[in-house]
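Text of final.pdb, listed as PDB, C-alpha atoms and all ligand atoms:
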ATOM      1  CA  MET A   1    -195.747  48.366 -32.904  1.00  0.00           C
ATOM      2  CA  ASN A   2    -192.432  46.531 -32.867  1.00  0.00           C
ATOM      3  CA  GLN A   3    -192.574  46.316 -29.092  1.00  0.00           C
ATOM      4  CA  GLU A   4    -195.905  44.471 -29.322  1.00  0.00           C
ATOM      5  CA  LEU A   5    -194.516  42.139 -31.983  1.00  0.00           C
ATOM      6  CA  LEU A   6    -191.727  41.113 -29.626  1.00  0.00           C
ATOM      7  CA  LYS A   7    -194.402  39.080 -27.809  1.00  0.00           C
ATOM      8  CA  PHE A   8    -194.605  35.695 -29.496  1.00  0.00           C
ATOM      9  CA  ASN A   9    -198.430  35.576 -29.530  1.00  0.00           C
ATOM     10  CA  GLU A  10    -198.673  38.969 -31.202  1.00  0.00           C
ATOM     11  CA  PHE A  11    -196.007  38.041 -33.717  1.00  0.00           C
ATOM     12  CA  GLU A  12    -197.832  34.789 -34.539  1.00  0.00           C
ATOM     13  CA  LYS A  13    -201.092  36.656 -35.203  1.00  0.00           C
ATOM     14  CA  PHE A  14    -199.245  39.129 -37.419  1.00  0.00           C
ATOM     15  CA  ILE A  15    -197.482  36.413 -39.422  1.00  0.00           C
ATOM     16  CA  TYR A  16    -200.540  34.273 -40.072  1.00  0.00           C
ATOM     17  CA  ALA A  17    -202.221  37.065 -42.025  1.00  0.00           C
ATOM     18  CA  GLU A  18    -201.664  36.415 -45.755  1.00  0.00           C
ATOM     19  CA  PRO A  19    -199.184  36.102 -47.390  1.00  0.00           C
ATOM     20  CA  VAL A  20    -197.504  33.768 -44.915  1.00  0.00           C
ATOM     21  CA  PRO A  21    -193.703  33.693 -45.381  1.00  0.00           C
ATOM     22  CA  SER A  22    -192.187  30.317 -46.195  1.00  0.00           C
ATOM     23  CA  GLN A  23    -190.515  30.112 -42.802  1.00  0.00           C
ATOM     24  CA  ASN A  24    -190.638  28.294 -39.496  1.00  0.00           C
ATOM     25  CA  ILE A  25    -192.491  30.626 -37.112  1.00  0.00           C
ATOM     26  CA  VAL A  26    -190.120  30.115 -34.154  1.00  0.00           C
ATOM     27  CA  GLU A  27    -187.142  30.725 -36.405  1.00  0.00           C
ATOM     28  CA  LEU A  28    -188.723  33.811 -37.910  1.00  0.00           C
ATOM     29  CA  TYR A  29    -189.705  35.190 -34.502  1.00  0.00           C
ATOM     30  CA  THR A  30    -186.132  34.707 -33.258  1.00  0.00           C
ATOM     31  CA  LEU A  31    -184.773  36.408 -36.378  1.00  0.00           C
ATOM     32  CA  PHE A  32    -187.191  39.297 -35.869  1.00  0.00           C
ATOM     33  CA  CYS A  33    -186.201  39.791 -32.209  1.00  0.00           C
ATOM     34  CA  THR A  34    -182.476  39.450 -33.024  1.00  0.00           C
ATOM     35  CA  LEU A  35    -182.650  42.058 -35.787  1.00  0.00           C
ATOM     36  CA  HIS A  36    -184.777  44.322 -33.618  1.00  0.00           C
ATOM     37  CA  ASN A  37    -182.092  44.183 -30.929  1.00  0.00           C
ATOM     38  CA  LEU A  38    -179.200  44.652 -33.367  1.00  0.00           C
ATOM     39  CA  PHE A  39    -180.905  47.633 -35.020  1.00  0.00           C
ATOM     40  CA  PRO A  40    -182.915  49.433 -32.332  1.00  0.00           C
ATOM     41  CA  ASN A  41    -183.297  52.479 -34.609  1.00  0.00           C
ATOM     42  CA  GLY A  42    -184.415  50.382 -37.541  1.00  0.00           C
ATOM     43  CA  ILE A  43    -182.588  48.725 -40.406  1.00  0.00           C
ATOM     44  CA  ASN A  44    -181.313  51.112 -43.036  1.00  0.00           C
ATOM     45  CA  ASN A  45    -182.023  49.319 -46.339  1.00  0.00           C
ATOM     46  CA  ILE A  46    -182.741  45.633 -46.762  1.00  0.00           C
ATOM     47  CA  ILE A  47    -181.965  43.529 -49.840  1.00  0.00           C
ATOM     48  CA  GLU A  48    -183.906  40.274 -50.113  1.00  0.00           C
ATOM     49  CA  ILE A  49    -182.831  37.860 -52.858  1.00  0.00           C
ATOM     50  CA  GLY A  50    -185.816  35.598 -53.506  1.00  0.00           C
ATOM     51  CA  VAL A  51    -189.174  37.240 -52.814  1.00  0.00           C
ATOM     52  CA  TYR A  52    -191.597  34.396 -53.651  1.00  0.00           C
ATOM     53  CA  LYS A  53    -195.080  35.495 -52.498  1.00  0.00           C
ATOM     54  CA  GLY A  54    -193.688  38.532 -50.682  1.00  0.00           C
ATOM     55  CA  GLY A  55    -194.453  37.057 -47.271  1.00  0.00           C
ATOM     56  CA  MET A  56    -191.342  38.593 -45.708  1.00  0.00           C
ATOM     57  CA  ILE A  57    -192.062  42.126 -46.918  1.00  0.00           C
ATOM     58  CA  ARG A  58    -194.482  42.781 -44.058  1.00  0.00           C
ATOM     59  CA  VAL A  59    -191.774  41.649 -41.622  1.00  0.00           C
ATOM     60  CA  TRP A  60    -189.069  43.763 -43.266  1.00  0.00           C
ATOM     61  CA  ASN A  61    -191.355  46.792 -43.278  1.00  0.00           C
ATOM     62  CA  LYS A  62    -191.691  46.508 -39.485  1.00  0.00           C
ATOM     63  CA  LEU A  63    -187.908  46.462 -39.123  1.00  0.00           C
ATOM     64  CA  LEU A  64    -186.914  49.196 -41.603  1.00  0.00           C
ATOM     65  CA  SER A  65    -185.735  52.596 -40.382  1.00  0.00           C
ATOM     66  CA  ASP A  66    -187.794  55.652 -41.381  1.00  0.00           C
ATOM     67  CA  SER A  67    -185.515  56.377 -44.326  1.00  0.00           C
ATOM     68  CA  GLY A  68    -184.641  52.760 -45.168  1.00  0.00           C
ATOM     69  CA  VAL A  69    -185.923  50.984 -48.258  1.00  0.00           C
ATOM     70  CA  TYR A  70    -186.614  47.347 -49.031  1.00  0.00           C
ATOM     71  CA  ILE A  71    -185.226  45.996 -52.323  1.00  0.00           C
ATOM     72  CA  GLY A  72    -186.655  42.659 -53.434  1.00  0.00           C
ATOM     73  CA  VAL A  73    -184.830  40.748 -56.187  1.00  0.00           C
ATOM     74  CA  ASP A  74    -186.565  37.863 -57.943  1.00  0.00           C
ATOM     75  CA  ASP A  75    -186.436  36.384 -61.439  1.00  0.00           C
ATOM     76  CA  ASN A  76    -190.182  35.647 -61.367  1.00  0.00           C
ATOM     77  CA  ALA A  77    -189.493  31.992 -62.153  1.00  0.00           C
ATOM     78  CA  TRP A  78    -192.685  30.994 -60.303  1.00  0.00           C
ATOM     79  CA  LYS A  79    -194.764  33.792 -61.918  1.00  0.00           C
ATOM     80  CA  LEU A  80    -195.754  35.245 -58.561  1.00  0.00           C
ATOM     81  CA  ILE A  81    -193.881  38.538 -58.667  1.00  0.00           C
ATOM     82  CA  PRO A  82    -196.201  40.803 -60.729  1.00  0.00           C
ATOM     83  CA  GLU A  83    -198.897  40.404 -58.064  1.00  0.00           C
ATOM     84  CA  VAL A  84    -196.364  41.102 -55.290  1.00  0.00           C
ATOM     85  CA  VAL A  85    -195.099  44.207 -57.104  1.00  0.00           C
ATOM     86  CA  ARG A  86    -198.673  45.418 -57.636  1.00  0.00           C
ATOM     87  CA  LYS A  87    -199.497  44.931 -53.975  1.00  0.00           C
ATOM     88  CA  TYR A  88    -196.380  46.312 -52.287  1.00  0.00           C
ATOM     89  CA  SER A  89    -194.586  48.656 -54.699  1.00  0.00           C
ATOM     90  CA  SER A  90    -194.063  52.071 -53.065  1.00  0.00           C
ATOM     91  CA  ASP A  91    -191.342  54.586 -52.168  1.00  0.00           C
ATOM     92  CA  LYS A  92    -190.418  52.165 -49.397  1.00  0.00           C
ATOM     93  CA  ASN A  93    -190.562  48.887 -51.360  1.00  0.00           C
ATOM     94  CA  LYS A  94    -188.618  48.521 -54.612  1.00  0.00           C
ATOM     95  CA  PHE A  95    -188.363  45.461 -56.841  1.00  0.00           C
ATOM     96  CA  VAL A  96    -185.776  44.342 -59.356  1.00  0.00           C
ATOM     97  CA  VAL A  97    -187.418  41.573 -61.364  1.00  0.00           C
ATOM     98  CA  MET A  98    -184.571  39.688 -63.000  1.00  0.00           C
ATOM     99  CA  ASP A  99    -181.995  37.016 -62.325  1.00  0.00           C
ATOM    100  CA  SER A 100    -180.077  37.968 -59.173  1.00  0.00           C
ATOM    101  CA  GLN A 101    -176.708  38.071 -60.964  1.00  0.00           C
ATOM    102  CA  LYS A 102    -177.997  40.330 -63.737  1.00  0.00           C
ATOM    103  CA  ALA A 103    -179.782  42.480 -61.142  1.00  0.00           C
ATOM    104  CA  VAL A 104    -176.607  43.713 -59.423  1.00  0.00           C
ATOM    105  CA  PRO A 105    -176.264  47.020 -61.395  1.00  0.00           C
ATOM    106  CA  GLU A 106    -179.983  47.754 -60.905  1.00  0.00           C
ATOM    107  CA  VAL A 107    -179.747  47.141 -57.161  1.00  0.00           C
ATOM    108  CA  SER A 108    -176.728  49.442 -57.076  1.00  0.00           C
ATOM    109  CA  LYS A 109    -178.802  52.155 -58.785  1.00  0.00           C
ATOM    110  CA  VAL A 110    -181.624  51.785 -56.262  1.00  0.00           C
ATOM    111  CA  LEU A 111    -179.157  52.000 -53.367  1.00  0.00           C
ATOM    112  CA  ASN A 112    -177.747  55.192 -54.900  1.00  0.00           C
ATOM    113  CA  ASN A 113    -174.321  54.921 -53.198  1.00  0.00           C
ATOM    114  CA  GLN A 114    -175.847  53.896 -49.871  1.00  0.00           C
ATOM    115  CA  LYS A 115    -175.180  50.560 -48.180  1.00  0.00           C
ATOM    116  CA  ALA A 116    -177.698  48.035 -46.867  1.00  0.00           C
ATOM    117  CA  ASP A 117    -177.762  46.956 -43.215  1.00  0.00           C
ATOM    118  CA  LEU A 118    -179.273  43.604 -44.136  1.00  0.00           C
ATOM    119  CA  LEU A 119    -178.740  41.231 -47.054  1.00  0.00           C
ATOM    120  CA  TYR A 120    -181.094  38.253 -46.956  1.00  0.00           C
ATOM    121  CA  ILE A 121    -180.081  35.471 -49.378  1.00  0.00           C
ATOM    122  CA  ASP A 122    -183.026  33.198 -50.183  1.00  0.00           C
ATOM    123  CA  GLY A 123    -183.044  32.762 -53.968  1.00  0.00           C
ATOM    124  CA  ASN A 124    -181.800  29.640 -55.757  1.00  0.00           C
ATOM    125  CA  HIS A 125    -180.405  27.350 -53.020  1.00  0.00           C
ATOM    126  CA  GLU A 126    -177.978  25.401 -55.218  1.00  0.00           C
ATOM    127  CA  TRP A 127    -174.448  26.007 -53.926  1.00  0.00           C
ATOM    128  CA  GLU A 128    -173.223  27.789 -57.095  1.00  0.00           C
ATOM    129  CA  TYR A 129    -176.159  30.212 -57.092  1.00  0.00           C
ATOM    130  CA  ALA A 130    -176.150  30.920 -53.354  1.00  0.00           C
ATOM    131  CA  ASN A 131    -172.378  31.391 -53.408  1.00  0.00           C
ATOM    132  CA  ASN A 132    -172.597  33.713 -56.438  1.00  0.00           C
ATOM    133  CA  ASP A 133    -175.322  35.721 -54.694  1.00  0.00           C
ATOM    134  CA  TYR A 134    -173.175  35.994 -51.573  1.00  0.00           C
ATOM    135  CA  LYS A 135    -170.139  37.123 -53.580  1.00  0.00           C
ATOM    136  CA  ALA A 136    -172.037  39.578 -55.800  1.00  0.00           C
ATOM    137  CA  TYR A 137    -173.995  41.269 -53.003  1.00  0.00           C
ATOM    138  CA  LYS A 138    -171.802  41.160 -49.892  1.00  0.00           C
ATOM    139  CA  ASP A 139    -170.104  44.464 -50.708  1.00  0.00           C
ATOM    140  CA  PHE A 140    -173.463  46.220 -50.646  1.00  0.00           C
ATOM    141  CA  VAL A 141    -173.627  45.525 -46.911  1.00  0.00           C
ATOM    142  CA  SER A 142    -172.580  48.207 -44.405  1.00  0.00           C
ATOM    143  CA  LYS A 143    -169.736  47.568 -41.937  1.00  0.00           C
ATOM    144  CA  SER A 144    -172.179  47.117 -39.072  1.00  0.00           C
ATOM    145  CA  GLY A 145    -174.615  45.220 -41.280  1.00  0.00           C
ATOM    146  CA  VAL A 146    -175.751  41.603 -41.272  1.00  0.00           C
ATOM    147  CA  ILE A 147    -175.776  38.990 -44.014  1.00  0.00           C
ATOM    148  CA  ALA A 148    -178.438  36.329 -43.535  1.00  0.00           C
ATOM    149  CA  LEU A 149    -178.463  33.019 -45.379  1.00  0.00           C
ATOM    150  CA  HIS A 150    -181.718  31.081 -45.350  1.00  0.00           C
ATOM    151  CA  ASP A 151    -182.040  27.252 -45.336  1.00  0.00           C
ATOM    152  CA  THR A 152    -178.759  26.473 -43.640  1.00  0.00           C
ATOM    153  CA  HIS A 153    -180.349  23.395 -42.007  1.00  0.00           C
ATOM    154  CA  TYR A 154    -182.823  22.050 -44.530  1.00  0.00           C
ATOM    155  CA  VAL A 155    -182.141  18.690 -46.120  1.00  0.00           C
ATOM    156  CA  ASN A 156    -183.463  19.798 -49.540  1.00  0.00           C
ATOM    157  CA  CYS A 157    -181.141  22.817 -49.584  1.00  0.00           C
ATOM    158  CA  LEU A 158    -177.735  21.257 -49.143  1.00  0.00           C
ATOM    159  CA  GLY A 159    -176.128  24.002 -51.252  1.00  0.00           C
ATOM    160  CA  SER A 160    -177.066  26.632 -48.648  1.00  0.00           C
ATOM    161  CA  ALA A 161    -175.958  24.316 -45.843  1.00  0.00           C
ATOM    162  CA  ARG A 162    -172.569  23.820 -47.524  1.00  0.00           C
ATOM    163  CA  LEU A 163    -172.130  27.553 -48.095  1.00  0.00           C
ATOM    164  CA  TRP A 164    -172.954  28.259 -44.444  1.00  0.00           C
ATOM    165  CA  VAL A 165    -170.297  25.816 -43.236  1.00  0.00           C
ATOM    166  CA  GLU A 166    -167.755  27.275 -45.670  1.00  0.00           C
ATOM    167  CA  LEU A 167    -168.502  30.796 -44.475  1.00  0.00           C
ATOM    168  CA  ILE A 168    -168.040  29.787 -40.842  1.00  0.00           C
ATOM    169  CA  HIS A 169    -164.682  28.256 -41.695  1.00  0.00           C
ATOM    170  CA  SER A 170    -163.622  31.329 -43.684  1.00  0.00           C
ATOM    171  CA  GLY A 171    -163.252  33.186 -40.381  1.00  0.00           C
ATOM    172  CA  GLU A 172    -164.146  36.372 -42.239  1.00  0.00           C
ATOM    173  CA  TYR A 173    -166.768  37.476 -39.709  1.00  0.00           C
ATOM    174  CA  LYS A 174    -166.706  38.055 -35.968  1.00  0.00           C
ATOM    175  CA  TYR A 175    -169.935  36.212 -35.184  1.00  0.00           C
ATOM    176  CA  TYR A 176    -171.800  33.337 -36.787  1.00  0.00           C
ATOM    177  CA  VAL A 177    -175.303  32.857 -35.415  1.00  0.00           C
ATOM    178  CA  ASN A 178    -177.478  30.040 -36.698  1.00  0.00           C
ATOM    179  CA  ILE A 179    -181.132  30.438 -35.818  1.00  0.00           C
ATOM    180  CA  LEU A 180    -183.099  27.191 -35.724  1.00  0.00           C
ATOM    181  CA  GLY A 181    -186.830  26.676 -35.393  1.00  0.00           C
ATOM    182  CA  ASP A 182    -188.662  24.037 -33.369  1.00  0.00           C
ATOM    183  CA  LYS A 183    -189.870  21.345 -35.767  1.00  0.00           C
ATOM    184  CA  ARG A 184    -189.116  21.219 -39.494  1.00  0.00           C
ATOM    185  CA  GLN A 185    -186.134  23.477 -39.171  1.00  0.00           C
ATOM    186  CA  TRP A 186    -184.954  25.564 -42.115  1.00  0.00           C
ATOM    187  CA  GLY A 187    -182.124  27.443 -40.437  1.00  0.00           C
ATOM    188  CA  THR A 188    -181.120  31.073 -40.844  1.00  0.00           C
ATOM    189  CA  GLY A 189    -177.399  31.793 -40.590  1.00  0.00           C
ATOM    190  CA  LEU A 190    -176.307  35.312 -39.667  1.00  0.00           C
ATOM    191  CA  LEU A 191    -172.858  36.718 -40.489  1.00  0.00           C
ATOM    192  CA  ILE A 192    -172.113  39.640 -38.191  1.00  0.00           C
ATOM    193  CA  ASN A 193    -169.039  41.835 -38.075  1.00  0.00           C
ATOM    194  CA  ARG A 194    -169.837  44.393 -35.403  1.00  0.00           C
ATOM    195  CA  GLU A 195    -168.110  44.755 -32.017  1.00  0.00           C
TER     196      GLU A 195
HETATM  197  C1  LIG Z   1    -187.560  30.178 -51.263  1.00  0.00           C
HETATM  198  S1  LIG Z   1    -188.295  31.365 -52.286  1.00  0.00           S
HETATM  199  C2  LIG Z   1    -188.090  32.862 -51.368  1.00  0.00           C
HETATM  200  C3  LIG Z   1    -188.963  32.884 -50.128  1.00  0.00           C
HETATM  201  C4  LIG Z   1    -189.110  34.239 -49.496  1.00  0.00           C
HETATM  202  N1  LIG Z   1    -187.811  34.817 -49.154  1.00  0.00           N
HETATM  203  C5  LIG Z   1    -189.943  34.082 -48.218  1.00  0.00           C
HETATM  204  O1  LIG Z   1    -189.359  33.968 -47.124  1.00  0.00           O
HETATM  205  O2  LIG Z   1    -191.173  34.054 -48.318  1.00  0.00           O
HETATM  206  C6  LIG Z   1    -187.128  31.503 -53.579  1.00  0.00           C
HETATM  207  C7  LIG Z   1    -187.413  32.597 -54.616  1.00  0.00           C
HETATM  208  O3  LIG Z   1    -186.189  32.831 -55.306  1.00  0.00           O
HETATM  209  C8  LIG Z   1    -186.459  33.111 -56.662  1.00  0.00           C
HETATM  210  N2  LIG Z   1    -185.256  32.781 -57.440  1.00  0.00           N
HETATM  211  C9  LIG Z   1    -184.740  31.553 -57.708  1.00  0.00           C
HETATM  212  N3  LIG Z   1    -183.628  31.656 -58.444  1.00  0.00           N
HETATM  213  C10 LIG Z   1    -183.406  32.972 -58.647  1.00  0.00           C
HETATM  214  C11 LIG Z   1    -182.412  33.719 -59.348  1.00  0.00           C
HETATM  215  N4  LIG Z   1    -181.386  33.115 -59.982  1.00  0.00           N
HETATM  216  N5  LIG Z   1    -182.513  35.062 -59.370  1.00  0.00           N
HETATM  217  C12 LIG Z   1    -183.526  35.692 -58.732  1.00  0.00           C
HETATM  218  N6  LIG Z   1    -184.508  35.036 -58.043  1.00  0.00           N
HETATM  219  C13 LIG Z   1    -184.446  33.689 -58.014  1.00  0.00           C
HETATM  220  C14 LIG Z   1    -187.675  32.257 -57.010  1.00  0.00           C
HETATM  221  O4  LIG Z   1    -188.394  32.841 -58.086  1.00  0.00           O
HETATM  222  C15 LIG Z   1    -188.461  32.256 -55.682  1.00  0.00           C
HETATM  223  O5  LIG Z   1    -189.477  33.245 -55.709  1.00  0.00           O
END
What does this structure look like when you write it as structure tokens?
Amino acid sequence: MNQELLKFNEFEKFIYAEPVPSQNIVELYTLFCTLHNLFPNGINNIIEIGVYKGGMIRVWNKLLSDSGVYIGVDDNAWKLIPEVVRKYSSDKNKFVVMDSQKAVPEVSKVLNNQKADLLYIDGNHEWEYANNDYKAYKDFVSKSGVIALHDTHYVNCLGSARLWVELIHSGEYKYYVNILGDKRQWGTGLLINRE
């Protein structure tokens, strides 16, 4: 199935089934192909901070390894999460419905001493919140894992843009990849440590 989704037209058809993620399709397709190439055997555990309508869960489920789980963290501020939990909750998809900072011990319990290969930060985009999410969750990520920051290039999310620039300048990671869409770019920054 993943092989088919590596064709843009197939990916587009897949994405435009409801719920549509709040993403730029070119950006999302590039992210999908990049993660597929980085993790050819699947991603072992994904943490997404900020679930919204759950539009990314279908994408994450295509990328997860057989034993990997998805952990969605959301404070339900927009009252959308109960429906998402009802629709997707399973052995594969777990949800921690609380503020992302308070959720850290719960996420740790779900991981059960395992690490996550992908941390996707897309909750509150104010600098303080995004930075706190980065700091509180980065140690959950495996050595060969990836940290993704959404909205690195969106004018209404200057906090995420600032954090992205700061992280580049920190020099803490080997590779900094910023994925941009075609029009109305949001920007997805990837922090990668692998050889
Ligand atoms: C931009 S949306 C996420 C979009 C989703 N990742 C997607 O691609 O479809 C942001 C989400 O973050 C959640 N959120 C905002 N602040 C939060 C916080 N402090 N803790 C947990 N979730 C938060 C909101 O409830 C909202 O659902």
Env. residues ligand LIG 1 (chain Z) / 7 Å / only C-alpha atoms and all ligand atoms / as a PDB file with C-alpha atoms, in the coordinates of the input:
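Once written, out-v8.pdb looks like this:
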ATOM      1  CA  PRO A  21    -193.703  33.693 -45.381  1.00  0.00           C
ATOM      2  CA  SER A  22    -192.187  30.317 -46.195  1.00  0.00           C
ATOM      3  CA  GLN A  23    -190.515  30.112 -42.802  1.00  0.00           C
ATOM      4  CA  GLU A  48    -183.906  40.274 -50.113  1.00  0.00           C
ATOM      5  CA  ILE A  49    -182.831  37.860 -52.858  1.00  0.00           C
ATOM      6  CA  GLY A  50    -185.816  35.598 -53.506  1.00  0.00           C
ATOM      7  CA  VAL A  51    -189.174  37.240 -52.814  1.00  0.00           C
ATOM      8  CA  TYR A  52    -191.597  34.396 -53.651  1.00  0.00           C
ATOM      9  CA  LYS A  53    -195.080  35.495 -52.498  1.00  0.00           C
ATOM     10  CA  GLY A  54    -193.688  38.532 -50.682  1.00  0.00           C
ATOM     11  CA  GLY A  55    -194.453  37.057 -47.271  1.00  0.00           C
ATOM     12  CA  MET A  56    -191.342  38.593 -45.708  1.00  0.00           C
ATOM     13  CA  VAL A  73    -184.830  40.748 -56.187  1.00  0.00           C
ATOM     14  CA  ASP A  74    -186.565  37.863 -57.943  1.00  0.00           C
ATOM     15  CA  ASP A  75    -186.436  36.384 -61.439  1.00  0.00           C
ATOM     16  CA  ASN A  76    -190.182  35.647 -61.367  1.00  0.00           C
ATOM     17  CA  ALA A  77    -189.493  31.992 -62.153  1.00  0.00           C
ATOM     18  CA  TRP A  78    -192.685  30.994 -60.303  1.00  0.00           C
ATOM     19  CA  MET A  98    -184.571  39.688 -63.000  1.00  0.00           C
ATOM     20  CA  ASP A  99    -181.995  37.016 -62.325  1.00  0.00           C
ATOM     21  CA  SER A 100    -180.077  37.968 -59.173  1.00  0.00           C
ATOM     22  CA  GLN A 101    -176.708  38.071 -60.964  1.00  0.00           C
ATOM     23  CA  ASP A 122    -183.026  33.198 -50.183  1.00  0.00           C
ATOM     24  CA  GLY A 123    -183.044  32.762 -53.968  1.00  0.00           C
ATOM     25  CA  ASN A 124    -181.800  29.640 -55.757  1.00  0.00           C
ATOM     26  CA  TYR A 129    -176.159  30.212 -57.092  1.00  0.00           C
TER      27      TYR A 129
END
When the PyMOL selection byres (((chain A and resi 154) around 12) and not hetatm) is applied to the file above, which residues end up in the set, as a list in words?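 So the PyMOL selection byres (((chain A and resi 154) around 12) and not hetatm) ends up selecting Gln23, Asn24, His125, Leu149, His150, Asp151, Thr152, His153, Val155, Asn156, Cys157, Leu158, Gly159, Ser160, Ala161, Arg162, Trp164, Leu180, Gly181, Lys183, Arg184, Gln185, Trp186, Gly187, Thr188 and Gly189 of chain A.
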What's around Tyr29 in chain A at 8 Å? Count only C-alpha atoms, leave out sequence neighbours fewer than 5 positions away in its own chain, and write the answer as a PyMOL selection string. chain A and resi 6+8+11
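Distance annotation: of A:Val26, A:Leu118, A:Val107, A:Leu63, the residue with the minimal separation from Ser144 in chain A is A:Leu118; atom set is only C-alpha atoms.
Each of A:Phe95, A:Pro82, A:Arg58, A:Val104 was compared to Ala17 in chain A using all atoms listed in the file, and A:Arg58 turns out to be the nearest.
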Test item: residues at most 8 Å from Ala116 in chain A, all atoms listed in the file, excluding those fewer than 4 positions along its chain, as a ChimeraX atom specification: /A:44-47,111,140-142,145
Once you have the residues from the selection above, write them out as a CSV table (one decimal), in the frame of the given file, restricted to C-alpha atoms.
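And here is the file that came out, out-v1.csv:
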chain,number,residue,atom,x,y,z
A,44,ASN,CA,-181.3,51.1,-43.0
A,45,ASN,CA,-182.0,49.3,-46.3
A,46,ILE,CA,-182.7,45.6,-46.8
A,47,ILE,CA,-182.0,43.5,-49.8
A,111,LEU,CA,-179.2,52.0,-53.4
A,140,PHE,CA,-173.5,46.2,-50.6
A,141,VAL,CA,-173.6,45.5,-46.9
A,142,SER,CA,-172.6,48.2,-44.4
A,145,GLY,CA,-174.6,45.2,-41.3
Quick one: distance from CA of Tyr134 in chain A to CA of Ser108 in chain A in Å, one decimal? 15.0 Å
When you look at Asn93 in chain A with a cut-off of 10 Å (counting all atoms listed in the file), what residues show up, excluding the ones that are within fewer than 5 positions of it in the same chain? I need them as number ranges by chain. A: 45-46, 57, 60-61, 68-72, 85, 88
Using all atoms listed in the file, the residue out of A:Val84, A:Ile121, A:Tyr137, A:Ser89 with shortest distance to Pro105 in chain A is A:Tyr137
Around all the atoms of range 167-175 of chain A listed in the file, draw an axis-aligned box and extend it by 4 Å on each of the six sides; I want its centre and edge lengths in Å to one decimal, as AutoDock Vina command-line options.
--center_x -166.6 --center_y 33.2 --center_z -39.8 --size_x 14.7 --size_y 17.8 --size_z 17.3
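From CA of Ile192 in chain A back to CA of Ile179 in chain A, the distance works out to 13.1 Å.
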Counting all atoms listed in the file, find the residues whose atoms lie at most 8 Å from (-169.1, 38.8, -44.3) (file coordinates) and write them out as a list in words.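 The requested residues, written out, are Lys138, Val146, Ile147, Glu172, Tyr173, Leu191, Ile192 and Asn193 of chain A.
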Can I get the selection written as an mmCIF file, in the coordinates of the input, with C-alpha atoms?
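Generated output (out-v9.cif):
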data_model
loop_
_atom_site.group_PDB
_atom_site.id
_atom_site.type_symbol
_atom_site.label_atom_id
_atom_site.label_comp_id
_atom_site.auth_asym_id
_atom_site.auth_seq_id
_atom_site.Cartn_x
_atom_site.Cartn_y
_atom_site.Cartn_z
ATOM 1 C CA LYS A 138 -171.802 41.160 -49.892
ATOM 2 C CA VAL A 146 -175.751 41.603 -41.272
ATOM 3 C CA ILE A 147 -175.776 38.990 -44.014
ATOM 4 C CA GLU A 172 -164.146 36.372 -42.239
ATOM 5 C CA TYR A 173 -166.768 37.476 -39.709
ATOM 6 C CA LEU A 191 -172.858 36.718 -40.489
ATOM 7 C CA ILE A 192 -172.113 39.640 -38.191
ATOM 8 C CA ASN A 193 -169.039 41.835 -38.075
#
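As for CA of Val165 in chain A and CA of Tyr120 in chain A, they are spaced 16.9 Å apart.
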Name all residues at most 7 Å from Asn131 in chain A (count all atoms listed in the file; drop same-chain ones fewer than 4 positions away) and give them as a PyMOL selection string. chain A and resi 127+135+163
Written as number ranges by chain, what is the full residue list that the PyMOL selection byres (((chain A and resi 39) around 10) and not hetatm) yields on the file shown? A: 33-38, 40-44, 63-65, 117, 144-145
